[in-house]
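Source file: run36.txt; contents: compact mmCIF, N, CA and C atoms.
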```txt
# COMPACT_ATOMS: atom_id res chain seq x y z
N MET K 1 5.98 99.57 -6.88
CA MET K 1 6.08 98.13 -6.78
C MET K 1 7.19 97.67 -7.73
N PRO K 2 8.10 96.82 -7.24
CA PRO K 2 9.22 96.42 -8.11
C PRO K 2 8.73 95.54 -9.25
N ARG K 3 9.42 95.69 -10.35
CA ARG K 3 9.06 94.96 -11.55
C ARG K 3 9.57 93.51 -11.52
N TYR K 4 10.67 93.31 -10.87
CA TYR K 4 11.29 91.98 -10.81
C TYR K 4 11.39 91.52 -9.37
N LEU K 5 11.33 90.22 -9.17
CA LEU K 5 11.48 89.67 -7.84
C LEU K 5 12.94 89.71 -7.43
N THR K 6 13.18 89.90 -6.15
CA THR K 6 14.54 89.86 -5.65
C THR K 6 14.99 88.41 -5.59
N ALA K 7 16.27 88.19 -5.42
CA ALA K 7 16.82 86.82 -5.40
C ALA K 7 16.18 85.96 -4.31
N PRO K 8 16.04 86.45 -3.06
CA PRO K 8 15.39 85.62 -2.04
C PRO K 8 13.93 85.31 -2.38
N SER K 9 13.23 86.27 -2.98
CA SER K 9 11.84 86.03 -3.36
C SER K 9 11.74 84.98 -4.45
N ARG K 10 12.62 85.05 -5.44
CA ARG K 10 12.64 84.04 -6.50
C ARG K 10 12.90 82.66 -5.93
N PHE K 11 13.85 82.60 -4.98
CA PHE K 11 14.19 81.33 -4.35
C PHE K 11 12.96 80.75 -3.64
N LEU K 12 12.21 81.57 -2.91
CA LEU K 12 11.01 81.10 -2.22
C LEU K 12 9.94 80.63 -3.20
N VAL K 13 9.79 81.32 -4.31
CA VAL K 13 8.81 80.92 -5.33
C VAL K 13 9.20 79.57 -5.91
N ILE K 14 10.47 79.39 -6.21
CA ILE K 14 10.94 78.12 -6.78
C ILE K 14 10.76 76.98 -5.78
N ILE K 15 11.15 77.19 -4.54
CA ILE K 15 11.01 76.15 -3.52
C ILE K 15 9.53 75.82 -3.29
N SER K 16 8.68 76.84 -3.22
CA SER K 16 7.24 76.61 -3.02
C SER K 16 6.65 75.81 -4.17
N THR K 17 7.03 76.15 -5.38
CA THR K 17 6.54 75.43 -6.56
C THR K 17 6.99 73.97 -6.51
N PHE K 18 8.24 73.75 -6.13
CA PHE K 18 8.77 72.40 -6.04
C PHE K 18 8.01 71.59 -4.98
N VAL K 19 7.75 72.18 -3.83
CA VAL K 19 7.05 71.48 -2.76
C VAL K 19 5.62 71.13 -3.19
N VAL K 20 4.93 72.06 -3.82
CA VAL K 20 3.57 71.79 -4.28
C VAL K 20 3.57 70.67 -5.31
N ALA K 21 4.52 70.69 -6.26
CA ALA K 21 4.60 69.64 -7.27
C ALA K 21 4.88 68.29 -6.63
N LEU K 22 5.75 68.26 -5.65
CA LEU K 22 6.07 67.01 -4.96
C LEU K 22 4.86 66.45 -4.21
N VAL K 23 4.13 67.31 -3.52
CA VAL K 23 2.93 66.87 -2.81
C VAL K 23 1.89 66.31 -3.78
N LEU K 24 1.69 66.99 -4.91
CA LEU K 24 0.73 66.50 -5.90
C LEU K 24 1.16 65.16 -6.49
N LEU K 25 2.45 65.01 -6.74
CA LEU K 25 2.97 63.76 -7.29
C LEU K 25 2.77 62.61 -6.30
N LEU K 26 3.08 62.84 -5.04
CA LEU K 26 2.91 61.79 -4.03
C LEU K 26 1.44 61.45 -3.84
N ALA K 27 0.58 62.44 -3.84
CA ALA K 27 -0.85 62.18 -3.66
C ALA K 27 -1.41 61.37 -4.83
N SER K 28 -0.99 61.68 -6.04
CA SER K 28 -1.49 60.93 -7.19
C SER K 28 -0.98 59.50 -7.21
N SER K 29 0.26 59.28 -6.77
CA SER K 29 0.78 57.91 -6.76
C SER K 29 0.10 57.08 -5.68
N VAL K 30 -0.25 57.67 -4.55
CA VAL K 30 -0.97 56.94 -3.51
C VAL K 30 -2.37 56.59 -3.99
N MET K 31 -3.03 57.51 -4.66
CA MET K 31 -4.37 57.24 -5.16
C MET K 31 -4.35 56.19 -6.27
N ALA K 32 -3.32 56.20 -7.11
CA ALA K 32 -3.23 55.23 -8.20
C ALA K 32 -2.99 53.83 -7.67
N ALA K 33 -2.24 53.72 -6.59
CA ALA K 33 -1.94 52.41 -6.02
C ALA K 33 -3.20 51.74 -5.48
N GLY K 34 -4.09 52.52 -4.90
CA GLY K 34 -5.33 51.97 -4.38
C GLY K 34 -5.08 51.06 -3.20
N PRO K 35 -6.13 50.56 -2.65
CA PRO K 35 -5.97 49.67 -1.51
C PRO K 35 -5.44 48.31 -1.96
N GLU K 36 -4.51 47.80 -1.21
CA GLU K 36 -3.95 46.48 -1.51
C GLU K 36 -4.93 45.42 -1.01
N SER K 37 -5.25 44.46 -1.87
CA SER K 37 -6.13 43.39 -1.42
C SER K 37 -5.30 42.14 -1.18
N GLU K 38 -5.76 41.33 -0.27
CA GLU K 38 -5.07 40.09 0.05
C GLU K 38 -5.31 39.09 -1.07
N THR K 39 -4.30 38.33 -1.43
CA THR K 39 -4.43 37.34 -2.51
C THR K 39 -3.92 35.98 -2.04
N VAL K 40 -4.34 34.96 -2.76
CA VAL K 40 -3.85 33.60 -2.55
C VAL K 40 -3.59 32.98 -3.92
N ASP K 41 -2.74 31.97 -3.93
CA ASP K 41 -2.53 31.20 -5.16
C ASP K 41 -3.62 30.13 -5.24
N TYR K 42 -4.17 29.95 -6.42
CA TYR K 42 -5.24 28.98 -6.63
C TYR K 42 -4.85 28.08 -7.80
N ARG K 43 -4.84 26.78 -7.58
CA ARG K 43 -4.53 25.81 -8.63
C ARG K 43 -5.83 25.44 -9.34
N VAL K 44 -5.89 25.69 -10.64
CA VAL K 44 -7.10 25.43 -11.43
C VAL K 44 -7.33 23.92 -11.53
N ARG K 45 -8.58 23.52 -11.24
CA ARG K 45 -8.97 22.12 -11.34
C ARG K 45 -9.85 21.93 -12.56
N SER K 46 -10.01 20.69 -12.98
CA SER K 46 -10.88 20.38 -14.11
C SER K 46 -12.29 20.86 -13.82
N GLY K 47 -12.88 21.56 -14.76
CA GLY K 47 -14.24 22.06 -14.60
C GLY K 47 -14.31 23.48 -14.04
N ASP K 48 -13.19 24.01 -13.55
CA ASP K 48 -13.17 25.37 -13.03
C ASP K 48 -13.36 26.39 -14.14
N THR K 49 -14.03 27.48 -13.80
CA THR K 49 -14.11 28.65 -14.67
C THR K 49 -13.75 29.86 -13.79
N LEU K 50 -13.47 30.97 -14.42
CA LEU K 50 -13.19 32.17 -13.62
C LEU K 50 -14.39 32.51 -12.74
N TRP K 51 -15.60 32.26 -13.24
CA TRP K 51 -16.80 32.54 -12.47
C TRP K 51 -16.84 31.68 -11.20
N THR K 52 -16.60 30.36 -11.33
CA THR K 52 -16.66 29.49 -10.15
C THR K 52 -15.54 29.80 -9.17
N ILE K 53 -14.37 30.14 -9.69
CA ILE K 53 -13.25 30.51 -8.80
C ILE K 53 -13.57 31.79 -8.05
N ALA K 54 -14.13 32.76 -8.76
CA ALA K 54 -14.49 34.03 -8.13
C ALA K 54 -15.56 33.82 -7.06
N GLU K 55 -16.53 32.98 -7.34
CA GLU K 55 -17.57 32.68 -6.34
C GLU K 55 -16.98 31.99 -5.12
N GLU K 56 -16.07 31.06 -5.36
CA GLU K 56 -15.48 30.26 -4.28
C GLU K 56 -14.59 31.09 -3.36
N THR K 57 -13.87 32.05 -3.92
CA THR K 57 -12.88 32.79 -3.13
C THR K 57 -13.38 34.15 -2.64
N SER K 58 -14.57 34.56 -3.06
CA SER K 58 -15.05 35.89 -2.65
C SER K 58 -15.96 35.79 -1.45
N SER K 59 -16.14 36.94 -0.82
CA SER K 59 -17.08 36.99 0.30
C SER K 59 -18.21 37.97 -0.01
N GLY K 60 -18.58 38.00 -1.26
CA GLY K 60 -19.65 38.90 -1.68
C GLY K 60 -19.16 39.86 -2.75
N GLY K 61 -20.03 40.73 -3.15
CA GLY K 61 -19.67 41.68 -4.20
C GLY K 61 -20.05 41.15 -5.57
N ASP K 62 -19.86 41.97 -6.56
CA ASP K 62 -20.20 41.61 -7.93
C ASP K 62 -19.15 40.65 -8.49
N ILE K 63 -19.58 39.45 -8.85
CA ILE K 63 -18.66 38.43 -9.36
C ILE K 63 -17.91 38.93 -10.59
N ARG K 64 -18.57 39.73 -11.42
CA ARG K 64 -17.91 40.25 -12.62
C ARG K 64 -16.72 41.12 -12.28
N ASP K 65 -16.82 41.89 -11.19
CA ASP K 65 -15.69 42.71 -10.75
C ASP K 65 -14.54 41.84 -10.26
N ILE K 66 -14.86 40.76 -9.57
CA ILE K 66 -13.83 39.85 -9.06
C ILE K 66 -13.14 39.14 -10.22
N ILE K 67 -13.91 38.74 -11.22
CA ILE K 67 -13.33 38.11 -12.41
C ILE K 67 -12.38 39.09 -13.10
N ALA K 68 -12.78 40.34 -13.22
CA ALA K 68 -11.93 41.35 -13.85
C ALA K 68 -10.63 41.52 -13.05
N GLU K 69 -10.73 41.49 -11.72
CA GLU K 69 -9.54 41.60 -10.88
C GLU K 69 -8.62 40.39 -11.05
N ILE K 70 -9.20 39.18 -11.12
CA ILE K 70 -8.40 37.97 -11.35
C ILE K 70 -7.67 38.08 -12.69
N ARG K 71 -8.39 38.52 -13.72
CA ARG K 71 -7.76 38.67 -15.04
C ARG K 71 -6.63 39.70 -14.99
N ASP K 72 -6.84 40.80 -14.27
CA ASP K 72 -5.80 41.82 -14.16
C ASP K 72 -4.59 41.30 -13.39
N LEU K 73 -4.84 40.62 -12.27
CA LEU K 73 -3.74 40.11 -11.44
C LEU K 73 -2.88 39.10 -12.18
N ASN K 74 -3.48 38.37 -13.13
CA ASN K 74 -2.77 37.30 -13.82
C ASN K 74 -2.45 37.64 -15.28
N ASP K 75 -2.71 38.88 -15.68
CA ASP K 75 -2.46 39.32 -17.07
C ASP K 75 -3.12 38.38 -18.09
N LEU K 76 -4.35 37.98 -17.81
CA LEU K 76 -5.08 37.10 -18.72
C LEU K 76 -5.74 37.94 -19.81
N GLU K 77 -5.52 37.56 -21.05
CA GLU K 77 -6.14 38.28 -22.17
C GLU K 77 -7.55 37.76 -22.45
N SER K 78 -7.85 36.55 -21.97
CA SER K 78 -9.18 35.98 -22.15
C SER K 78 -9.56 35.25 -20.86
N SER K 79 -10.71 34.65 -20.86
CA SER K 79 -11.17 33.90 -19.69
C SER K 79 -10.78 32.43 -19.75
N LEU K 80 -9.97 32.06 -20.73
CA LEU K 80 -9.55 30.67 -20.90
C LEU K 80 -8.52 30.31 -19.84
N ILE K 81 -8.84 29.29 -19.04
CA ILE K 81 -7.91 28.76 -18.05
C ILE K 81 -7.86 27.25 -18.23
N VAL K 82 -6.75 26.64 -17.77
CA VAL K 82 -6.58 25.19 -17.95
C VAL K 82 -6.23 24.54 -16.61
N PRO K 83 -6.66 23.28 -16.43
CA PRO K 83 -6.34 22.57 -15.20
C PRO K 83 -4.82 22.54 -14.97
N GLY K 84 -4.43 22.75 -13.72
CA GLY K 84 -3.02 22.77 -13.36
C GLY K 84 -2.43 24.17 -13.34
N GLN K 85 -3.09 25.10 -13.99
CA GLN K 85 -2.62 26.49 -14.03
C GLN K 85 -2.77 27.09 -12.62
N THR K 86 -1.79 27.90 -12.20
CA THR K 86 -1.88 28.57 -10.92
C THR K 86 -2.25 30.03 -11.15
N LEU K 87 -3.31 30.47 -10.46
CA LEU K 87 -3.78 31.84 -10.57
C LEU K 87 -3.63 32.55 -9.23
N VAL K 88 -3.34 33.83 -9.28
CA VAL K 88 -3.38 34.67 -8.09
C VAL K 88 -4.80 35.22 -8.02
N VAL K 89 -5.49 34.98 -6.90
CA VAL K 89 -6.87 35.43 -6.77
C VAL K 89 -7.04 36.24 -5.50
N PRO K 90 -7.90 37.28 -5.55
CA PRO K 90 -8.17 38.06 -4.34
C PRO K 90 -9.07 37.28 -3.40
N VAL K 91 -8.89 37.49 -2.12
CA VAL K 91 -9.76 36.85 -1.13
C VAL K 91 -10.40 37.93 -0.27
N GLY K 92 -11.60 37.63 0.21
CA GLY K 92 -12.27 38.56 1.11
C GLY K 92 -12.94 39.65 0.47
```
What does this structure look like when you write it as structure tokens?
Amino acid sequence: MPRYLTAPSRFLVIISTFVVALVLLLASSVMAAGPESETVDYRVRSGDTLWTIAEETSSGGDIRDIIAEIRDLNDLESSLIVPGQTLVVPVG
């Protein structure tokens, strides 16, 4: 059995490794992106809270998860919102 791979064999090993790495990279980026949810712009009114907005725009599910998504979509560090502020909120 030869101790070293021949040039064509090395080439196949390198190409195979590259293809496997590329497939893994693409698969991980697709999984990280996750499903895209539909969003709408929502103008905050007096008396609104993230909870009431989440209830108003959702069609079920855990309100706390929807609030977390609203905070993520709008880069909110807290739950403080003010009238006139425009938020991107998930729908459905």
Could you pull the residues within 8 Å of region 56-59 of chain K, counting only N, CA and C atoms, minus those fewer than 4 positions along the same chain, as a list of chain:residue names? K:Leu50, K:Trp51, K:Thr52, K:Ile66, K:Val89, K:Pro90, K:Val91, K:Gly92
Which value, in Å to one decimal, gives the distance between CA of Leu24 (chain K) and atom N of Leu12 (chain K)? 19.2 Å
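Distance-wise, CA of Val44 (chain K) and CA of Ile81 (chain K) end up 7.5 Å apart.
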Identify all residues of region 2-92 of chain K in helix (DSSP H, G or I) (DSSP on the backbone) and supply them as a PyMOL selection string. chain K and resi 7-33+50-57+63-73
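Taking atom N of Thr6 (chain K) and atom N of Leu26 (chain K) as endpoints, the distance between them is 28.9 Å.
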